[in-house]
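*Asks:* Take a look at structure11.cif, mmCIF, C-alpha atoms:
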```
data_target
#
loop_
_atom_site.group_PDB
_atom_site.id
_atom_site.type_symbol
_atom_site.label_atom_id
_atom_site.label_comp_id
_atom_site.auth_asym_id
_atom_site.auth_seq_id
_atom_site.Cartn_x
_atom_site.Cartn_y
_atom_site.Cartn_z
ATOM 1 C CA MET A 1 -45.976 72.138 -64.604
ATOM 2 C CA ASP A 2 -48.036 74.623 -66.640
ATOM 3 C CA VAL A 3 -48.291 73.144 -70.147
ATOM 4 C CA LYS A 4 -48.963 76.488 -71.809
ATOM 5 C CA ALA A 5 -46.015 78.140 -70.054
ATOM 6 C CA THR A 6 -43.798 75.217 -71.060
ATOM 7 C CA GLU A 7 -44.885 75.564 -74.705
ATOM 8 C CA ASN A 8 -44.130 79.280 -74.632
ATOM 9 C CA GLN A 9 -40.716 78.584 -73.138
ATOM 10 C CA LEU A 10 -39.968 75.950 -75.770
ATOM 11 C CA ILE A 11 -40.911 78.320 -78.601
ATOM 12 C CA ALA A 12 -38.803 81.135 -77.169
ATOM 13 C CA VAL A 13 -35.784 78.883 -76.632
ATOM 14 C CA TYR A 14 -36.023 77.268 -80.060
ATOM 15 C CA CYS A 15 -36.469 80.557 -81.943
ATOM 16 C CA CYS A 16 -33.426 82.053 -80.222
ATOM 17 C CA ALA A 17 -31.268 79.007 -80.999
ATOM 18 C CA ASP A 18 -32.496 78.686 -84.584
ATOM 19 C CA ASP A 19 -31.964 82.369 -85.427
ATOM 20 C CA LEU A 20 -28.476 82.409 -83.933
ATOM 21 C CA LEU A 21 -27.270 79.190 -85.568
ATOM 22 C CA LYS A 22 -28.714 80.156 -88.968
ATOM 23 C CA SER A 23 -26.880 83.488 -88.789
ATOM 24 C CA PHE A 24 -23.676 81.689 -87.870
ATOM 25 C CA GLU A 25 -24.059 79.219 -90.750
ATOM 26 C CA ASN A 26 -24.636 82.072 -93.207
ATOM 27 C CA TYR A 27 -21.541 83.845 -91.906
ATOM 28 C CA ARG A 28 -19.436 80.687 -92.124
ATOM 29 C CA SER A 29 -20.622 79.884 -95.653
ATOM 30 C CA ARG A 30 -19.646 83.380 -96.823
ATOM 31 C CA ASN A 31 -16.201 83.328 -95.213
ATOM 32 C CA GLN A 32 -15.203 79.693 -95.691
ATOM 33 C CA SER A 33 -13.787 78.165 -98.844
ATOM 34 C CA SER A 34 -16.070 75.694 -100.566
ATOM 35 C CA GLY A 35 -15.394 72.108 -99.627
ATOM 36 C CA ARG A 36 -17.105 68.809 -99.378
ATOM 37 C CA LYS A 37 -20.481 69.135 -97.690
ATOM 38 C CA PRO A 38 -22.147 66.299 -95.755
ATOM 39 C CA THR A 39 -24.770 64.471 -97.774
ATOM 40 C CA ARG A 40 -26.568 62.852 -94.839
ATOM 41 C CA VAL A 41 -29.210 65.066 -93.250
ATOM 42 C CA PRO A 42 -29.894 64.261 -89.562
ATOM 43 C CA GLY A 43 -33.440 63.966 -88.277
ATOM 44 C CA LEU A 44 -32.808 66.761 -85.776
ATOM 45 C CA ILE A 45 -30.973 69.955 -86.672
ATOM 46 C CA ALA A 46 -28.507 71.500 -84.220
ATOM 47 C CA ALA A 47 -31.040 74.054 -82.940
ATOM 48 C CA GLU A 48 -33.472 71.259 -82.045
ATOM 49 C CA VAL A 49 -30.806 69.266 -80.175
ATOM 50 C CA CYS A 50 -29.778 72.381 -78.234
ATOM 51 C CA THR A 51 -33.416 73.169 -77.428
ATOM 52 C CA ILE A 52 -34.069 69.702 -76.000
ATOM 53 C CA LEU A 53 -30.978 69.962 -73.786
ATOM 54 C CA VAL A 54 -31.986 73.390 -72.485
ATOM 55 C CA MET A 55 -35.565 72.257 -71.855
ATOM 56 C CA TYR A 56 -34.210 69.370 -69.768
ATOM 57 C CA GLN A 57 -32.265 71.810 -67.580
ATOM 58 C CA MET A 58 -35.456 73.866 -67.193
ATOM 59 C CA SER A 59 -37.587 70.844 -66.320
ATOM 60 C CA GLY A 60 -36.069 70.303 -62.878
ATOM 61 C CA MET A 61 -35.619 66.579 -63.549
ATOM 62 C CA LYS A 62 -32.399 64.921 -62.415
ATOM 63 C CA THR A 63 -32.174 62.099 -64.973
ATOM 64 C CA PHE A 64 -31.832 63.022 -68.632
ATOM 65 C CA GLU A 65 -32.613 59.519 -69.878
ATOM 66 C CA TYR A 66 -35.996 59.513 -68.144
ATOM 67 C CA PHE A 67 -36.749 63.032 -69.423
ATOM 68 C CA TYR A 68 -35.909 62.167 -73.022
ATOM 69 C CA ARG A 69 -37.737 58.836 -73.090
ATOM 70 C CA GLN A 70 -40.776 60.411 -71.441
ATOM 71 C CA TYR A 71 -41.152 63.387 -73.784
ATOM 72 C CA TYR A 72 -39.024 63.110 -76.910
ATOM 73 C CA GLU A 73 -38.644 59.431 -77.808
ATOM 74 C CA ARG A 74 -39.320 58.786 -81.481
ATOM 75 C CA GLY A 75 -42.966 59.365 -82.388
ATOM 76 C CA LYS A 76 -44.034 60.579 -78.939
ATOM 77 C CA SER A 77 -43.570 64.324 -79.372
ATOM 78 C CA ARG A 78 -45.457 66.570 -81.759
ATOM 79 C CA ASP A 79 -42.769 69.227 -81.261
ATOM 80 C CA PHE A 80 -39.940 66.953 -82.438
ATOM 81 C CA PRO A 81 -41.546 64.073 -84.370
ATOM 82 C CA ALA A 82 -38.204 63.101 -85.931
ATOM 83 C CA ALA A 83 -36.460 62.704 -82.583
ATOM 84 C CA PRO A 84 -34.229 59.596 -82.654
ATOM 85 C CA THR A 85 -33.788 56.970 -79.972
ATOM 86 C CA TYR A 86 -32.084 57.921 -76.730
ATOM 87 C CA GLU A 87 -28.842 56.141 -77.671
ATOM 88 C CA ARG A 88 -28.643 57.987 -81.003
ATOM 89 C CA PHE A 89 -29.439 61.332 -79.376
ATOM 90 C CA LEU A 90 -26.441 60.971 -77.053
ATOM 91 C CA GLU A 91 -24.221 60.955 -80.162
ATOM 92 C CA LEU A 92 -25.837 64.185 -81.344
ATOM 93 C CA VAL A 93 -25.151 65.860 -77.991
ATOM 94 C CA SER A 94 -21.396 65.815 -78.605
ATOM 95 C CA ARG A 95 -21.873 67.507 -81.971
ATOM 96 C CA ALA A 96 -24.090 70.160 -80.387
ATOM 97 C CA ALA A 97 -21.543 71.191 -77.734
ATOM 98 C CA PRO A 98 -19.865 73.884 -79.946
ATOM 99 C CA CYS A 99 -23.304 75.302 -80.800
ATOM 100 C CA LEU A 100 -24.192 75.505 -77.110
ATOM 101 C CA LEU A 101 -20.906 77.278 -76.385
ATOM 102 C CA LEU A 102 -21.643 79.813 -79.121
ATOM 103 C CA TRP A 103 -25.177 80.285 -77.779
ATOM 104 C CA ALA A 104 -24.033 80.771 -74.170
ATOM 105 C CA GLN A 105 -21.416 83.326 -75.221
ATOM 106 C CA TYR A 106 -23.989 85.156 -77.325
ATOM 107 C CA LEU A 107 -26.399 85.455 -74.378
ATOM 108 C CA CYS A 108 -23.539 86.803 -72.253
ATOM 109 C CA ALA A 109 -22.709 89.356 -74.951
ATOM 110 C CA VAL A 110 -26.276 90.705 -75.141
ATOM 111 C CA ALA A 111 -26.700 90.919 -71.332
ATOM 112 C CA ALA A 112 -27.045 94.447 -69.966
ATOM 113 C CA ARG A 113 -23.821 96.299 -69.194
ATOM 114 C CA GLY A 114 -24.896 98.462 -66.284
ATOM 115 C CA GLY A 115 -21.461 99.243 -64.846
ATOM 116 C CA ILE A 116 -21.953 97.161 -61.650
ATOM 117 C CA TYR A 117 -20.739 93.541 -61.643
ATOM 118 C CA VAL A 118 -20.156 90.719 -59.170
ATOM 119 C CA ILE A 119 -17.609 87.933 -59.666
ATOM 120 C CA ASP A 120 -17.406 84.556 -57.953
ATOM 121 C CA SER A 121 -16.559 80.901 -58.576
ATOM 122 C CA LYS A 122 -18.400 77.675 -57.828
ATOM 123 C CA LYS A 123 -17.007 74.173 -57.493
ATOM 124 C CA LEU A 124 -18.207 71.432 -59.859
ATOM 125 C CA GLU A 125 -17.372 68.044 -58.360
ATOM 126 C CA VAL A 126 -17.126 65.044 -60.682
ATOM 127 C CA CYS A 127 -16.426 62.420 -58.015
ATOM 128 C CA HIS A 128 -15.450 62.060 -54.377
ATOM 129 C CA PRO A 129 -11.793 63.028 -53.732
ATOM 130 C CA ARG A 130 -11.071 59.508 -52.476
ATOM 131 C CA ARG A 131 -11.958 58.101 -55.911
ATOM 132 C CA GLU A 132 -9.986 60.585 -57.982
ATOM 133 C CA ARG A 133 -7.243 58.110 -58.942
ATOM 134 C CA GLY A 134 -9.773 55.660 -60.329
ATOM 135 C CA HIS A 135 -11.815 58.280 -62.159
ATOM 136 C CA LYS A 136 -11.335 57.921 -65.931
ATOM 137 C CA VAL A 137 -13.951 60.144 -67.595
ATOM 138 C CA PHE A 138 -12.168 63.428 -66.849
ATOM 139 C CA LYS A 139 -8.638 62.082 -66.508
ATOM 140 C CA GLY A 140 -6.205 64.804 -67.542
ATOM 141 C CA LEU A 141 -8.933 67.468 -67.445
ATOM 142 C CA ALA A 142 -10.196 67.670 -63.857
ATOM 143 C CA ALA A 143 -7.969 68.474 -60.891
ATOM 144 C CA LYS A 144 -8.024 68.556 -57.110
ATOM 145 C CA GLY A 145 -8.766 71.878 -55.486
ATOM 146 C CA LYS A 146 -9.879 73.407 -52.226
ATOM 147 C CA SER A 147 -12.909 75.562 -51.539
ATOM 148 C CA SER A 148 -14.371 77.072 -48.372
ATOM 149 C CA THR A 149 -16.021 73.696 -47.653
ATOM 150 C CA GLY A 150 -12.897 71.568 -48.112
ATOM 151 C CA TRP A 151 -11.085 69.577 -50.804
ATOM 152 C CA PHE A 152 -12.865 68.400 -53.952
ATOM 153 C CA TYR A 153 -12.030 66.866 -57.331
ATOM 154 C CA GLY A 154 -13.405 68.391 -60.505
ATOM 155 C CA PHE A 155 -13.745 71.828 -62.061
ATOM 156 C CA LYS A 156 -14.658 75.399 -61.231
ATOM 157 C CA ILE A 157 -17.065 77.673 -63.018
ATOM 158 C CA HIS A 158 -16.176 81.353 -62.745
ATOM 159 C CA LEU A 159 -19.104 83.749 -63.201
ATOM 160 C CA VAL A 160 -19.500 87.473 -63.658
ATOM 161 C CA ILE A 161 -23.045 88.825 -63.267
ATOM 162 C CA ASN A 162 -24.542 92.310 -63.572
ATOM 163 C CA HIS A 163 -26.987 94.064 -61.218
ATOM 164 C CA LEU A 164 -29.875 92.228 -62.940
ATOM 165 C CA CYS A 165 -28.153 88.906 -62.128
ATOM 166 C CA GLU A 166 -27.649 88.156 -65.818
ATOM 167 C CA ILE A 167 -24.453 86.272 -66.622
ATOM 168 C CA VAL A 168 -22.094 88.505 -68.605
ATOM 169 C CA ALA A 169 -19.031 86.214 -68.600
ATOM 170 C CA PHE A 170 -18.076 82.682 -67.570
ATOM 171 C CA GLU A 171 -15.117 80.322 -67.688
ATOM 172 C CA PHE A 172 -14.653 76.637 -66.845
ATOM 173 C CA THR A 173 -11.296 75.735 -65.315
ATOM 174 C CA PRO A 174 -9.756 72.805 -63.417
ATOM 175 C CA ALA A 175 -10.288 73.008 -59.669
ATOM 176 C CA ASN A 176 -6.667 73.964 -58.964
ATOM 177 C CA VAL A 177 -6.880 77.310 -60.814
ATOM 178 C CA ALA A 178 -6.956 80.185 -58.320
ATOM 179 C CA ASP A 179 -9.751 82.740 -58.452
ATOM 180 C CA ASN A 180 -7.276 85.604 -58.816
ATOM 181 C CA ASN A 181 -5.311 83.968 -61.650
ATOM 182 C CA HIS A 182 -4.152 86.834 -63.869
ATOM 183 C CA GLN A 183 -4.940 85.172 -67.181
ATOM 184 C CA LEU A 184 -8.365 84.106 -65.934
ATOM 185 C CA LEU A 185 -9.254 87.598 -64.706
ATOM 186 C CA GLY A 186 -8.150 89.056 -68.021
ATOM 187 C CA GLN A 187 -10.517 86.749 -69.903
ATOM 188 C CA LEU A 188 -13.454 87.281 -67.546
ATOM 189 C CA LEU A 189 -13.219 91.030 -67.069
ATOM 190 C CA GLY A 190 -11.817 92.115 -70.404
ATOM 191 C CA GLY A 191 -13.913 94.870 -71.936
ATOM 192 C CA LEU A 192 -15.998 95.589 -68.823
ATOM 193 C CA LYS A 193 -16.258 99.158 -67.516
ATOM 194 C CA GLY A 194 -17.414 100.263 -64.088
ATOM 195 C CA THR A 195 -17.062 98.448 -60.747
ATOM 196 C CA CYS A 196 -16.681 94.709 -60.117
ATOM 197 C CA VAL A 197 -17.168 93.314 -56.595
ATOM 198 C CA GLY A 198 -15.611 90.062 -55.391
ATOM 199 C CA ASP A 199 -14.665 88.259 -52.203
ATOM 200 C CA LYS A 200 -11.219 88.116 -50.614
ATOM 201 C CA GLY A 201 -10.140 85.414 -53.059
ATOM 202 C CA TYR A 202 -9.939 88.047 -55.781
ATOM 203 C CA LEU A 203 -7.273 90.153 -54.108
ATOM 204 C CA THR A 204 -4.733 90.664 -56.869
ATOM 205 C CA THR A 205 -1.903 92.890 -58.028
ATOM 206 C CA LEU A 206 -3.912 93.851 -61.122
ATOM 207 C CA PHE A 207 -6.031 96.541 -59.423
ATOM 208 C CA ALA A 208 -4.136 99.396 -61.091
ATOM 209 C CA GLU A 209 -4.032 97.677 -64.485
ATOM 210 C CA PHE A 210 -7.806 97.172 -64.570
ATOM 211 C CA LEU A 211 -8.382 100.700 -63.256
ATOM 212 C CA ASP A 212 -6.442 102.092 -66.218
ATOM 213 C CA LYS A 213 -8.844 100.171 -68.489
ATOM 214 C CA GLY A 214 -11.902 101.627 -66.792
ATOM 215 C CA LEU A 215 -12.793 98.813 -64.356
ATOM 216 C CA ARG A 216 -12.461 99.148 -60.589
ATOM 217 C CA LEU A 217 -12.043 95.904 -58.639
ATOM 218 C CA LEU A 218 -13.531 96.059 -55.160
ATOM 219 C CA THR A 219 -12.965 93.432 -52.448
ATOM 220 C CA LYS A 220 -12.774 93.264 -48.696
ATOM 221 C CA SER A 221 -9.258 93.116 -47.299
ATOM 222 C CA LYS A 222 -7.785 90.311 -45.243
ATOM 223 C CA SER A 223 -7.323 90.546 -41.492
ATOM 224 C CA ASN A 224 -3.554 91.142 -41.763
ATOM 225 C CA MET A 225 -3.944 94.082 -44.182
ATOM 226 C CA ARG A 226 -4.067 97.763 -43.305
ATOM 227 C CA LYS A 227 -7.557 99.178 -42.841
ATOM 228 C CA LEU A 228 -8.653 101.689 -45.480
ATOM 229 C CA PRO A 229 -11.621 104.063 -45.254
ATOM 230 C CA ALA A 230 -14.455 103.053 -47.561
ATOM 231 C CA GLN A 231 -17.050 105.230 -49.222
ATOM 232 C CA THR A 232 -20.688 104.580 -48.441
ATOM 233 C CA ALA A 233 -21.370 103.375 -52.002
ATOM 234 C CA ASP A 234 -18.486 100.892 -51.831
ATOM 235 C CA VAL A 235 -19.695 99.417 -48.542
ATOM 236 C CA ARG A 236 -23.184 99.079 -50.004
ATOM 237 C CA LEU A 237 -21.850 97.197 -53.019
ATOM 238 C CA LEU A 238 -19.765 94.876 -50.850
ATOM 239 C CA ASN A 239 -22.864 94.046 -48.827
ATOM 240 C CA LYS A 240 -24.670 93.111 -52.054
ATOM 241 C CA ARG A 241 -21.935 90.708 -53.183
ATOM 242 C CA ALA A 242 -23.684 87.679 -51.679
ATOM 243 C CA ILE A 243 -26.406 87.880 -54.361
ATOM 244 C CA ILE A 244 -24.167 85.804 -56.638
ATOM 245 C CA GLU A 245 -24.422 82.936 -54.137
ATOM 246 C CA THR A 246 -28.145 82.861 -54.965
ATOM 247 C CA VAL A 247 -27.260 82.508 -58.647
ATOM 248 C CA ASN A 248 -24.863 79.669 -57.854
ATOM 249 C CA ASP A 249 -27.547 77.948 -55.795
ATOM 250 C CA LEU A 250 -30.064 78.228 -58.659
ATOM 251 C CA LEU A 251 -27.573 76.732 -61.104
ATOM 252 C CA ALA A 252 -26.949 73.796 -58.760
ATOM 253 C CA SER A 253 -30.412 73.057 -57.372
ATOM 254 C CA VAL A 254 -32.745 74.103 -60.212
ATOM 255 C CA TYR A 255 -30.641 73.763 -63.363
ATOM 256 C CA ASP A 256 -28.526 70.777 -62.261
ATOM 257 C CA ILE A 257 -25.200 72.148 -63.491
ATOM 258 C CA GLU A 258 -23.297 69.779 -61.188
ATOM 259 C CA HIS A 259 -23.620 66.010 -60.966
ATOM 260 C CA THR A 260 -21.318 63.001 -61.031
ATOM 261 C CA ARG A 261 -22.991 60.790 -63.637
ATOM 262 C CA HIS A 262 -21.278 62.014 -66.799
ATOM 263 C CA ARG A 263 -19.691 59.372 -68.995
ATOM 264 C CA LYS A 264 -18.214 61.604 -71.715
ATOM 265 C CA PRO A 265 -16.426 64.973 -71.340
ATOM 266 C CA THR A 266 -18.100 66.633 -74.352
ATOM 267 C CA ASN A 267 -21.560 65.603 -73.151
ATOM 268 C CA ALA A 268 -20.741 66.931 -69.687
ATOM 269 C CA LEU A 269 -19.723 70.278 -71.195
ATOM 270 C CA ALA A 270 -22.925 70.334 -73.261
ATOM 271 C CA HIS A 271 -25.101 69.837 -70.173
ATOM 272 C CA MET A 272 -23.231 72.492 -68.167
ATOM 273 C CA LEU A 273 -23.580 75.001 -71.015
ATOM 274 C CA ALA A 274 -27.265 74.120 -71.348
ATOM 275 C CA ALA A 275 -27.704 74.868 -67.632
ATOM 276 C CA LEU A 276 -26.191 78.334 -68.089
ATOM 277 C CA ILE A 277 -28.451 78.997 -71.085
ATOM 278 C CA ALA A 278 -31.524 77.798 -69.193
ATOM 279 C CA TYR A 279 -30.720 80.199 -66.358
ATOM 280 C CA GLN A 280 -30.447 83.113 -68.792
ATOM 281 C CA PHE A 281 -34.035 82.420 -69.914
ATOM 282 C CA GLN A 282 -35.387 82.407 -66.356
ATOM 283 C CA ASP A 283 -38.062 84.996 -65.634
ATOM 284 C CA GLY A 284 -37.866 86.933 -62.390
ATOM 285 C CA LYS A 285 -34.153 86.553 -61.743
ATOM 286 C CA PRO A 286 -32.935 87.755 -58.357
ATOM 287 C CA ARG A 287 -31.579 91.268 -58.523
ATOM 288 C CA PHE A 288 -30.148 93.801 -56.139
ATOM 289 C CA ASN A 289 -30.912 97.475 -55.756
ATOM 290 C CA ILE A 290 -27.722 99.483 -56.067
ATOM 291 C CA GLN A 291 -29.477 102.463 -54.494
ATOM 292 C CA GLY A 292 -29.873 102.155 -50.738
ATOM 293 C CA LYS A 293 -30.302 104.208 -47.606
ATOM 294 C CA ASN A 294 -27.536 106.657 -46.830
ATOM 295 C CA GLN A 295 -25.113 105.340 -44.273
ATOM 296 C CA ASN A 296 -21.774 106.570 -42.969
ATOM 297 C CA ARG A 297 -19.393 103.862 -41.947
ATOM 298 C CA THR A 298 -15.827 102.677 -42.454
ATOM 299 C CA ASP A 299 -14.901 99.157 -43.452
ATOM 300 C CA LYS A 300 -11.825 97.212 -44.531
ATOM 301 C CA VAL A 301 -11.719 97.466 -48.297
ATOM 302 C CA ALA A 302 -9.145 96.742 -50.985
ATOM 303 C CA ALA A 303 -9.624 98.676 -54.208
#
```
Transcribe the structure of this file into structure tokens.

*Replies:*
Amino acid sequence: MDVKATENQLIAVYCCADDLLKSFENYRSRNQSSGRKPTRVPGLIAAEVCTILVMYQMSGMKTFEYFYRQYYERGKSRDFPAAPTYERFLELVSRAAPCLLLWAQYLCAVAARGGIYVIDSKKLEVCHPRRERGHKVFKGLAAKGKSSTGWFYGFKIHLVINHLCEIVAFEFTPANVADNNHQLLGQLLGGLKGTCVGDKGYLTTLFAEFLDKGLRLLTKSKSNMRKLPAQTADVRLLNKRAIIETVNDLLASVYDIEHTRHRKPTNALAHMLAALIAYQFQDGKPRFNIQGKNQNRTDKVAA
């Protein structure tokens, strides 16, 4: 790993987190009634805890304990000399989860709104389906669902990306929530204008409602539906839909958004949010060219 590049990444990540959280604290102090303030000052501020979590997701390592003890154990890092022991840091992770959620939503808000979007979901398994009854960490939170590869127990992450493959919206849901759930689509696509492409799982009765709000949903139709003529631009966009599978693969293989070793729900959420944030900082994201060669063809499209 290039040490200089890693240092530059760390500085960029920390400055973004520190500026955002300081702005939020200033806003909260102005709009919140005065109350009792904590007197104990932690060794690491929230921005530093968030930075360490994001840097772990960027490192490519698969074990957080090894990463933390190797680089940030007390007295071993010049970047965070006040870093506590590993056991104490795990307690700080739970407190940092709301800050990571704020940070992830902020990065989605500042992503480019180019008018072309792709939507998809990815499964997040927490254990094998045969062990779901004995699983206690996510009891009451996770659920059993079915994907294209079969049954699984856990959650889903629903993503909306733009043509630059930046994440513009996300939601975590139990595995049994359908992709075309009306409430879910309203939260994911609210405020977006242009065209959003999805797979057949996003066939919904809300096409007209979203069209009235300025967003056109575009999916391929099922085999038992009537064939409709498609414009060349629509066919081109449908062919580009698979680019979001590359984003899902990066989140799983590079940023380790899915694993089955969590022992606390809030810490699991913190690591998943840190993975999303780490992806947003990636240089050279995959992207698709919405301009292509002219072609005249007809396909089965629902819009």

*Asks:* Which residue gives the smallest distance to Lys200 (chain A) among A:Gly140, A:Ile119, A:Leu188, A:Cys165, with only C-alpha atoms counted?

*Replies:*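 The answer is A:Ile119, which sits nearest to Lys200 (chain A).
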
*Asks:* From the set A:Leu102, A:Leu250, A:Leu159, A:Ala142, which residue has the shortest atom-to-atom contact distance to Pro265 (chain A), counting all atoms listed in the file?

*Replies:*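 So, comparing all the options, the nearest one is A:Ala142.
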
*Asks:* Might you spell out which residues the PyMOL selection byres ((chain A and resi 9) around 12) would select in the displayed file, as a PyMOL selection string?

*Replies:* chain A and resi 1-8+10-16+51-52+54-56+58-59+278+281-283

*Asks:* Have a look at CA of Ala274 (chain A) and CA of Ile244 (chain A) and let me know their distance in Å, one decimal.

*Replies:* 19.0 Å

*Asks:* Can you translate the PyMOL selection byres ((chain A and resi 121-129) around 9) into the concrete residues it hits in this file, as a PyMOL selection string?

*Replies:* chain A and resi 119-120+130-133+135+138+142+144-147+151-160+175+179+245+248+257-262

*Asks:* Could you tell me which residues the PyMOL selection byres ((chain A and resi 89) around 12) grabs in this file, written as an mmCIF file with C-alpha atoms, keeping the file's coordinate frame?

*Replies:*
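The resulting file, out-v9.cif, is shown below:
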```cif
data_model
loop_
_atom_site.group_PDB
_atom_site.id
_atom_site.type_symbol
_atom_site.label_atom_id
_atom_site.label_comp_id
_atom_site.auth_asym_id
_atom_site.auth_seq_id
_atom_site.Cartn_x
_atom_site.Cartn_y
_atom_site.Cartn_z
ATOM 1 C CA PRO A 42 -29.894 64.261 -89.562
ATOM 2 C CA GLY A 43 -33.440 63.966 -88.277
ATOM 3 C CA LEU A 44 -32.808 66.761 -85.776
ATOM 4 C CA ILE A 45 -30.973 69.955 -86.672
ATOM 5 C CA ALA A 46 -28.507 71.500 -84.220
ATOM 6 C CA GLU A 48 -33.472 71.259 -82.045
ATOM 7 C CA VAL A 49 -30.806 69.266 -80.175
ATOM 8 C CA CYS A 50 -29.778 72.381 -78.234
ATOM 9 C CA ILE A 52 -34.069 69.702 -76.000
ATOM 10 C CA LEU A 53 -30.978 69.962 -73.786
ATOM 11 C CA PHE A 64 -31.832 63.022 -68.632
ATOM 12 C CA GLU A 65 -32.613 59.519 -69.878
ATOM 13 C CA TYR A 68 -35.909 62.167 -73.022
ATOM 14 C CA ARG A 69 -37.737 58.836 -73.090
ATOM 15 C CA TYR A 72 -39.024 63.110 -76.910
ATOM 16 C CA GLU A 73 -38.644 59.431 -77.808
ATOM 17 C CA ARG A 74 -39.320 58.786 -81.481
ATOM 18 C CA ALA A 82 -38.204 63.101 -85.931
ATOM 19 C CA ALA A 83 -36.460 62.704 -82.583
ATOM 20 C CA PRO A 84 -34.229 59.596 -82.654
ATOM 21 C CA THR A 85 -33.788 56.970 -79.972
ATOM 22 C CA TYR A 86 -32.084 57.921 -76.730
ATOM 23 C CA GLU A 87 -28.842 56.141 -77.671
ATOM 24 C CA ARG A 88 -28.643 57.987 -81.003
ATOM 25 C CA LEU A 90 -26.441 60.971 -77.053
ATOM 26 C CA GLU A 91 -24.221 60.955 -80.162
ATOM 27 C CA LEU A 92 -25.837 64.185 -81.344
ATOM 28 C CA VAL A 93 -25.151 65.860 -77.991
ATOM 29 C CA SER A 94 -21.396 65.815 -78.605
ATOM 30 C CA ARG A 95 -21.873 67.507 -81.971
ATOM 31 C CA ALA A 96 -24.090 70.160 -80.387
ATOM 32 C CA ASN A 267 -21.560 65.603 -73.151
#
```

*Asks:* Between CA of Val254 (chain A) and CA of Gln57 (chain A), measure the distance and give it in Å to one decimal.

*Replies:*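 Interatomic distance here is 7.7 Å.
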
*Asks:* Could you check the closest approach to Leu218 (chain A) for each of A:Glu166, A:Asp18, A:Asp256, A:Asp199 and tell me which residue wins, using only C-alpha atoms?

*Replies:*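 Among the listed residues, A:Asp199 lies closest to Leu218 (chain A).
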
*Asks:* Could you pull out every residue with an atom within 9 Å of (-13.6, 93.7, -53.0), file coordinates, counting only C-alpha atoms, and send them as a CSV table (one decimal) with C-alpha atoms, in the coordinates of the input?

*Replies:*
```
chain,number,residue,atom,x,y,z
A,196,CYS,CA,-16.7,94.7,-60.1
A,197,VAL,CA,-17.2,93.3,-56.6
A,198,GLY,CA,-15.6,90.1,-55.4
A,199,ASP,CA,-14.7,88.3,-52.2
A,200,LYS,CA,-11.2,88.1,-50.6
A,201,GLY,CA,-10.1,85.4,-53.1
A,202,TYR,CA,-9.9,88.0,-55.8
A,203,LEU,CA,-7.3,90.2,-54.1
A,217,LEU,CA,-12.0,95.9,-58.6
A,218,LEU,CA,-13.5,96.1,-55.2
A,219,THR,CA,-13.0,93.4,-52.4
A,220,LYS,CA,-12.8,93.3,-48.7
A,221,SER,CA,-9.3,93.1,-47.3
A,234,ASP,CA,-18.5,100.9,-51.8
A,237,LEU,CA,-21.8,97.2,-53.0
A,238,LEU,CA,-19.8,94.9,-50.8
A,241,ARG,CA,-21.9,90.7,-53.2
A,301,VAL,CA,-11.7,97.5,-48.3
A,302,ALA,CA,-9.1,96.7,-51.0
A,303,ALA,CA,-9.6,98.7,-54.2
```

*Asks:* When you look at Cys108 (chain A) with a cut-off of 12 Å (counting all atoms listed in the file), what residues show up, excluding the ones that are within fewer than 3 positions of it in the same chain? I need them as number ranges by chain.

*Replies:* A: 101-105, 111-113, 159-162, 165-171, 188, 273, 276-277, 279-281

*Asks:* Have a look at A:Leu189, A:Leu141, A:Leu206, A:Ala275 and name the one nearest to Gly115 (chain A); count all atoms listed in the file.

*Replies:*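 Closest to Gly115 (chain A) of all the choices is A:Leu189.
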
*Asks:* Just how far from CA of Arg287 (chain A) is CA of Leu164 (chain A), in Å to one decimal?

*Replies:* 4.8 Å
